[in-house]
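J.: I am sharing coords_15.txt, which consists of compact mmCIF, C-alpha atoms:
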```
# COMPACT_ATOMS: atom_id res chain seq x y z
CA MET A 1 15.84 10.04 -2.27
CA ILE A 2 12.16 9.24 -1.76
CA GLN A 3 9.83 12.19 -1.99
CA ALA A 4 6.30 11.78 -0.63
CA THR A 5 3.69 13.75 -2.59
CA PRO A 6 1.52 16.30 -0.72
CA GLN A 7 -1.44 13.92 -0.99
CA LEU A 8 0.46 10.94 0.40
CA LYS A 9 0.70 11.27 4.17
CA ALA A 10 1.24 7.65 5.24
CA ILE A 11 2.41 4.32 3.90
CA LEU A 12 0.92 1.34 5.70
CA PHE A 13 2.49 -2.08 5.33
CA ASP A 14 1.46 -5.65 5.83
CA PHE A 15 4.19 -7.40 7.83
CA ASP A 16 4.55 -11.11 7.08
CA GLY A 17 5.69 -11.74 3.54
CA THR A 18 5.92 -8.02 2.79
CA LEU A 19 8.61 -6.71 5.14
CA LEU A 20 9.39 -9.93 7.04
CA ASP A 21 10.59 -13.05 5.23
CA SER A 22 8.46 -15.30 7.38
CA PHE A 23 7.49 -17.92 4.82
CA PRO A 24 9.94 -20.63 6.02
CA ALA A 25 9.10 -20.16 9.71
CA HIS A 26 5.36 -20.10 9.12
CA TYR A 27 5.45 -23.13 6.87
CA ARG A 28 7.33 -25.09 9.53
CA ALA A 29 4.79 -23.95 12.11
CA TYR A 30 1.95 -25.28 9.96
CA GLU A 31 3.88 -28.52 9.44
CA ALA A 32 4.11 -28.97 13.22
CA THR A 33 0.46 -28.00 13.71
CA LEU A 34 -0.79 -30.46 11.11
CA ALA A 35 1.48 -33.18 12.50
CA HIS A 36 -0.05 -32.56 15.94
CA PHE A 37 -3.41 -33.49 14.41
CA GLU A 38 -1.86 -36.45 12.56
CA MET A 39 -2.20 -34.65 9.24
CA GLU A 40 0.32 -33.59 6.62
CA ILE A 41 0.95 -30.52 4.51
CA THR A 42 3.14 -29.85 1.48
CA PRO A 43 4.50 -26.49 0.26
CA GLU A 44 2.08 -26.71 -2.68
CA ARG A 45 -0.91 -27.27 -0.41
CA TYR A 46 0.26 -24.50 1.88
CA LEU A 47 0.35 -21.98 -0.97
CA GLN A 48 -3.01 -23.15 -2.29
CA THR A 49 -4.68 -22.55 1.07
CA TYR A 50 -2.63 -19.57 2.29
CA SER A 51 -4.57 -16.72 3.86
CA PRO A 52 -3.57 -14.01 6.36
CA ASN A 53 -6.65 -15.21 8.27
CA TRP A 54 -5.26 -18.33 9.92
CA TYR A 55 -8.74 -19.57 10.83
CA ALA A 56 -9.57 -19.64 7.13
CA MET A 57 -6.45 -21.74 6.67
CA TYR A 58 -7.39 -24.06 9.50
CA GLU A 59 -10.74 -24.63 7.84
CA ALA A 60 -9.19 -25.19 4.42
CA LEU A 61 -6.66 -27.62 5.89
CA GLY A 62 -9.34 -29.63 7.68
CA ILE A 63 -8.58 -28.80 11.32
CA PRO A 64 -11.76 -29.30 13.39
CA ARG A 65 -13.32 -25.99 14.40
CA ASP A 66 -13.56 -27.00 18.05
CA ARG A 67 -9.76 -27.48 18.13
CA TYR A 68 -8.72 -24.08 16.73
CA GLU A 69 -7.44 -22.87 20.11
CA GLU A 70 -5.34 -26.02 20.40
CA ALA A 71 -3.99 -25.38 16.91
CA ASP A 72 -3.14 -21.81 17.92
CA ARG A 73 -1.08 -23.03 20.86
CA VAL A 74 0.88 -25.49 18.74
CA TRP A 75 1.44 -22.96 15.94
CA LEU A 76 2.61 -20.18 18.24
CA ALA A 77 4.90 -22.52 20.18
CA GLU A 78 6.55 -23.70 16.97
CA VAL A 79 6.88 -20.30 15.31
CA GLY A 80 8.40 -19.00 18.53
CA GLN A 81 11.39 -21.25 17.87
CA HIS A 82 12.30 -19.30 14.75
CA ARG A 83 13.53 -15.76 14.11
CA PRO A 84 12.58 -14.63 10.60
CA ARG A 85 14.67 -11.92 8.96
CA LEU A 86 13.59 -8.85 7.08
CA PHE A 87 13.70 -8.88 3.31
CA ALA A 88 16.92 -7.21 2.18
CA GLU A 89 15.08 -4.20 0.76
CA ALA A 90 12.90 -3.60 3.83
CA ARG A 91 15.25 -1.71 6.14
CA PRO A 92 16.69 0.61 3.43
CA LEU A 93 13.13 1.39 2.34
CA LEU A 94 11.96 2.25 5.85
CA GLU A 95 15.08 4.34 6.49
CA SER A 96 14.51 6.24 3.23
CA LEU A 97 10.95 7.03 4.28
CA ASP A 98 11.88 8.15 7.79
CA GLY A 99 10.71 11.71 8.38
CA LYS A 100 9.14 12.00 4.93
CA THR A 101 5.82 10.25 5.56
CA MET A 102 4.10 8.49 8.44
CA LEU A 103 4.51 4.72 8.52
CA GLY A 104 2.30 2.00 9.90
CA LEU A 105 1.69 -1.74 10.07
CA VAL A 106 -1.64 -3.45 9.53
CA THR A 107 -1.14 -7.16 9.99
CA ALA A 108 -3.22 -10.22 10.78
CA GLY A 109 -0.51 -11.57 13.10
CA SER A 110 -1.04 -11.79 16.84
CA ARG A 111 0.26 -8.79 18.76
CA GLY A 112 2.70 -10.72 20.95
CA ARG A 113 4.32 -12.50 18.02
CA VAL A 114 4.43 -9.37 15.83
CA LEU A 115 5.98 -7.23 18.58
CA ARG A 116 8.56 -9.93 19.24
CA ASP A 117 9.55 -10.00 15.58
CA LEU A 118 9.62 -6.20 15.41
CA THR A 119 11.96 -6.11 18.40
CA ALA A 120 14.17 -8.86 16.96
CA THR A 121 14.50 -7.06 13.63
CA GLY A 122 14.92 -3.62 15.20
CA ILE A 123 12.26 -1.81 13.16
CA GLY A 124 9.54 -1.38 15.77
CA ASP A 125 10.31 2.32 16.24
CA CYS A 126 9.77 3.03 12.54
CA PHE A 127 5.98 2.94 12.80
CA GLN A 128 3.56 5.53 14.10
CA VAL A 129 0.75 2.98 14.27
CA ILE A 130 0.71 -0.82 14.59
CA ILE A 131 -2.56 -2.72 14.14
CA THR A 132 -2.48 -6.48 14.70
CA GLY A 133 -4.99 -9.29 14.53
CA ASP A 134 -5.67 -8.81 18.24
CA ASP A 135 -6.91 -5.26 17.62
CA VAL A 136 -9.80 -6.15 15.31
CA ALA A 137 -13.01 -8.14 15.50
CA LYS A 138 -12.96 -9.00 11.80
CA PRO A 139 -9.77 -10.21 10.06
CA LYS A 140 -8.59 -9.42 6.55
CA PRO A 141 -10.05 -8.92 3.99
CA ASP A 142 -12.43 -6.94 6.19
CA PRO A 143 -11.18 -3.30 6.20
CA GLU A 144 -11.50 -2.85 9.98
CA GLY A 145 -7.75 -2.90 10.68
CA LEU A 146 -6.96 -0.40 7.95
CA ILE A 147 -9.80 1.88 9.04
CA ILE A 148 -8.54 1.86 12.64
CA ALA A 149 -5.04 2.76 11.44
CA LEU A 150 -6.38 5.69 9.42
CA GLU A 151 -8.42 6.93 12.38
CA ARG A 152 -5.40 6.83 14.68
CA LEU A 153 -3.36 8.78 12.15
CA ALA A 154 -6.27 11.19 11.51
CA LEU A 155 -6.10 10.57 7.76
CA GLN A 156 -8.55 10.08 4.91
CA PRO A 157 -8.21 6.90 2.81
CA GLU A 158 -6.83 8.75 -0.20
CA GLN A 159 -3.99 10.13 1.93
CA ALA A 160 -2.53 6.68 2.55
CA LEU A 161 -1.03 3.81 0.57
CA PHE A 162 -1.22 0.17 1.63
CA VAL A 163 1.48 -2.30 0.62
CA GLY A 164 0.87 -6.04 0.95
CA ASP A 165 1.58 -9.42 -0.58
CA ALA A 166 -1.73 -11.27 -0.55
CA ARG A 167 -5.06 -11.03 -2.34
CA GLU A 168 -6.72 -10.36 1.03
CA ASP A 169 -4.52 -7.28 1.43
CA CYS A 170 -5.76 -5.95 -1.89
CA LEU A 171 -9.40 -6.62 -1.02
CA MET A 172 -9.00 -4.95 2.39
CA ALA A 173 -7.48 -1.84 0.86
CA GLU A 174 -10.17 -1.72 -1.81
CA ALA A 175 -12.92 -1.97 0.82
CA ALA A 176 -11.31 0.84 2.84
CA GLY A 177 -10.82 3.05 -0.22
CA VAL A 178 -7.03 3.06 0.20
CA PRO A 179 -4.71 2.78 -2.83
CA PHE A 180 -2.92 -0.56 -2.86
CA ILE A 181 0.37 -1.94 -4.17
CA GLY A 182 0.97 -5.67 -4.25
CA ILE A 183 4.49 -7.05 -3.79
CA ALA A 184 5.30 -10.51 -5.16
CA THR A 185 6.75 -12.91 -2.58
CA GLU A 186 6.62 -16.62 -1.81
CA PHE A 187 3.23 -16.08 -0.18
CA ALA A 188 1.71 -14.60 -3.34
CA THR A 189 3.05 -14.15 -6.84
CA VAL A 190 2.37 -11.00 -8.85
CA SER A 191 -0.08 -12.93 -11.03
CA GLY A 192 -2.15 -13.73 -7.97
CA PHE A 193 -3.37 -10.18 -7.42
CA LYS A 194 -5.87 -10.30 -10.32
CA GLY A 195 -6.09 -6.66 -11.31
CA CYS A 196 -4.48 -4.99 -8.30
CA PHE A 197 -1.57 -2.63 -8.98
CA GLN A 198 1.55 -4.71 -8.49
CA LEU A 199 5.32 -4.56 -8.28
CA ALA A 200 7.91 -7.32 -8.32
CA ASN A 201 9.67 -6.32 -5.08
CA LEU A 202 10.12 -3.61 -2.45
CA SER A 203 12.94 -1.99 -4.41
CA GLU A 204 10.45 -1.09 -7.14
CA LEU A 205 8.31 0.62 -4.53
CA VAL A 206 11.09 3.17 -4.01
CA SER A 207 10.99 4.14 -7.68
CA TYR A 208 7.20 4.25 -7.68
CA ILE A 209 7.09 6.71 -4.79
CA GLU A 210 9.85 8.85 -6.28
CA GLN A 211 7.80 9.23 -9.46
CA GLY A 212 4.88 10.40 -7.30
```
Now, as a test, write the supplied structure out as structure tokens.

T.:
Amino acid sequence: MIQATPQLKAILFDFDGTLLDSFPAHYRAYEATLAHFEMEITPERYLQTYSPNWYAMYEALGIPRDRYEEADRVWLAEVGQHRPRLFAEARPLLESLDGKTMLGLVTAGSRGRVLRDLTATGIGDCFQVIITGDDVAKPKPDPEGLIIALERLALQPEQALFVGDAREDCLMAEAAGVPFIGIATEFATVSGFKGCFQLANLSELVSYIEQG
């Protein structure tokens, strides 16, 4: 059984690549988006340029800045054709934490798409706060989203833990003063966190919290 320490009042999660196995769907969406602009992408190039900030990816992939809105439309239309599943460890983890600590999401994804995926996976009711890319002026790694989540939960940074799978997640948590745990996924390997505290998968997070 997971026991939250007195200091730990909330665990905040990134969504895509951390709880949701969205790599295949998002890669296909970028394939379609690049094809729309008569460009190509490979899995290797995708991982090299990956960022939770999709505008940073657009820039890295060479999409003209004045066509970002067009790219958004193509990407969202394509990703809407897919229904990613949760990682196998995600639901048991959230159920184990239920009633023991507050839970939240801080994600760069658009609110409509995130809420759709939360509804499809049935975990939307697990979270006391959900902050999406539509709720902030500055995307990750800026700490704005994490700071808003803390304010809504009336918590200090040291009372929360942020769990993510990308270097930007680590930098955001660091800027907000929130302890961070990196989870290795297809989006980001453990070695990619460069000094951030890291675990191989969500199952290890259970043991980490139990040890307090």

J.: When you draw a straight line from CA of Ala29 in chain A to CA of Asp72 in chain A, how long is it in Å?

T.: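 Separation between CA of Ala29 in chain A and CA of Asp72 in chain A: 10.1 Å.
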
J.: Determine, counting only C-alpha atoms, every residue of protein, DNA or RNA that lies within 12 Å of (9.5, -20.1, 8.8) in the file coordinates, then give the result as a list in words.

T.: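 Residues lying no farther than 12 Å from the given point: Asp16, Gly17, Leu20, Asp21, Ser22, Phe23, Pro24, Ala25, His26, Tyr27, Arg28, Ala29, Tyr30, Glu31, Ala32, Pro43, Trp75, Leu76, Glu78, Val79, Gly80, Gln81, His82, Arg83, Pro84, Arg85, Glu186 and Phe187 of chain A.
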
J.: Rounded to one decimal, what separation in Å do you get between CA of Gln7 in chain A and CA of Leu199 in chain A?

T.: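 Pair CA of Gln7 in chain A / CA of Leu199 in chain A returns 21.0 Å.
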
J.: Compile the contact shell of Val106 in chain A as a ChimeraX atom specification: residues with an atom at most 8 Å away, counting only C-alpha atoms, same-chain residues fewer than 6 positions apart removed.

T.: /A:12-15,130-132,145-146,149

J.: Let me make sure I understand: among A:Leu86, A:Ala35, A:Val178, A:Val206, which one has the smallest atom-to-atom distance to Thr119 in chain A if we use all atoms listed in the file?

T.: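 Closest residue, counting all atoms listed in the file: A:Leu86.
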
J.: Here is a test: counting all atoms listed in the file, which residue of A:Asp142, A:Asp165, A:Asp98, A:Asp66 is nearest to Ala200 in chain A?

T.: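 Under the stated criterion, the closest residue is A:Asp165.
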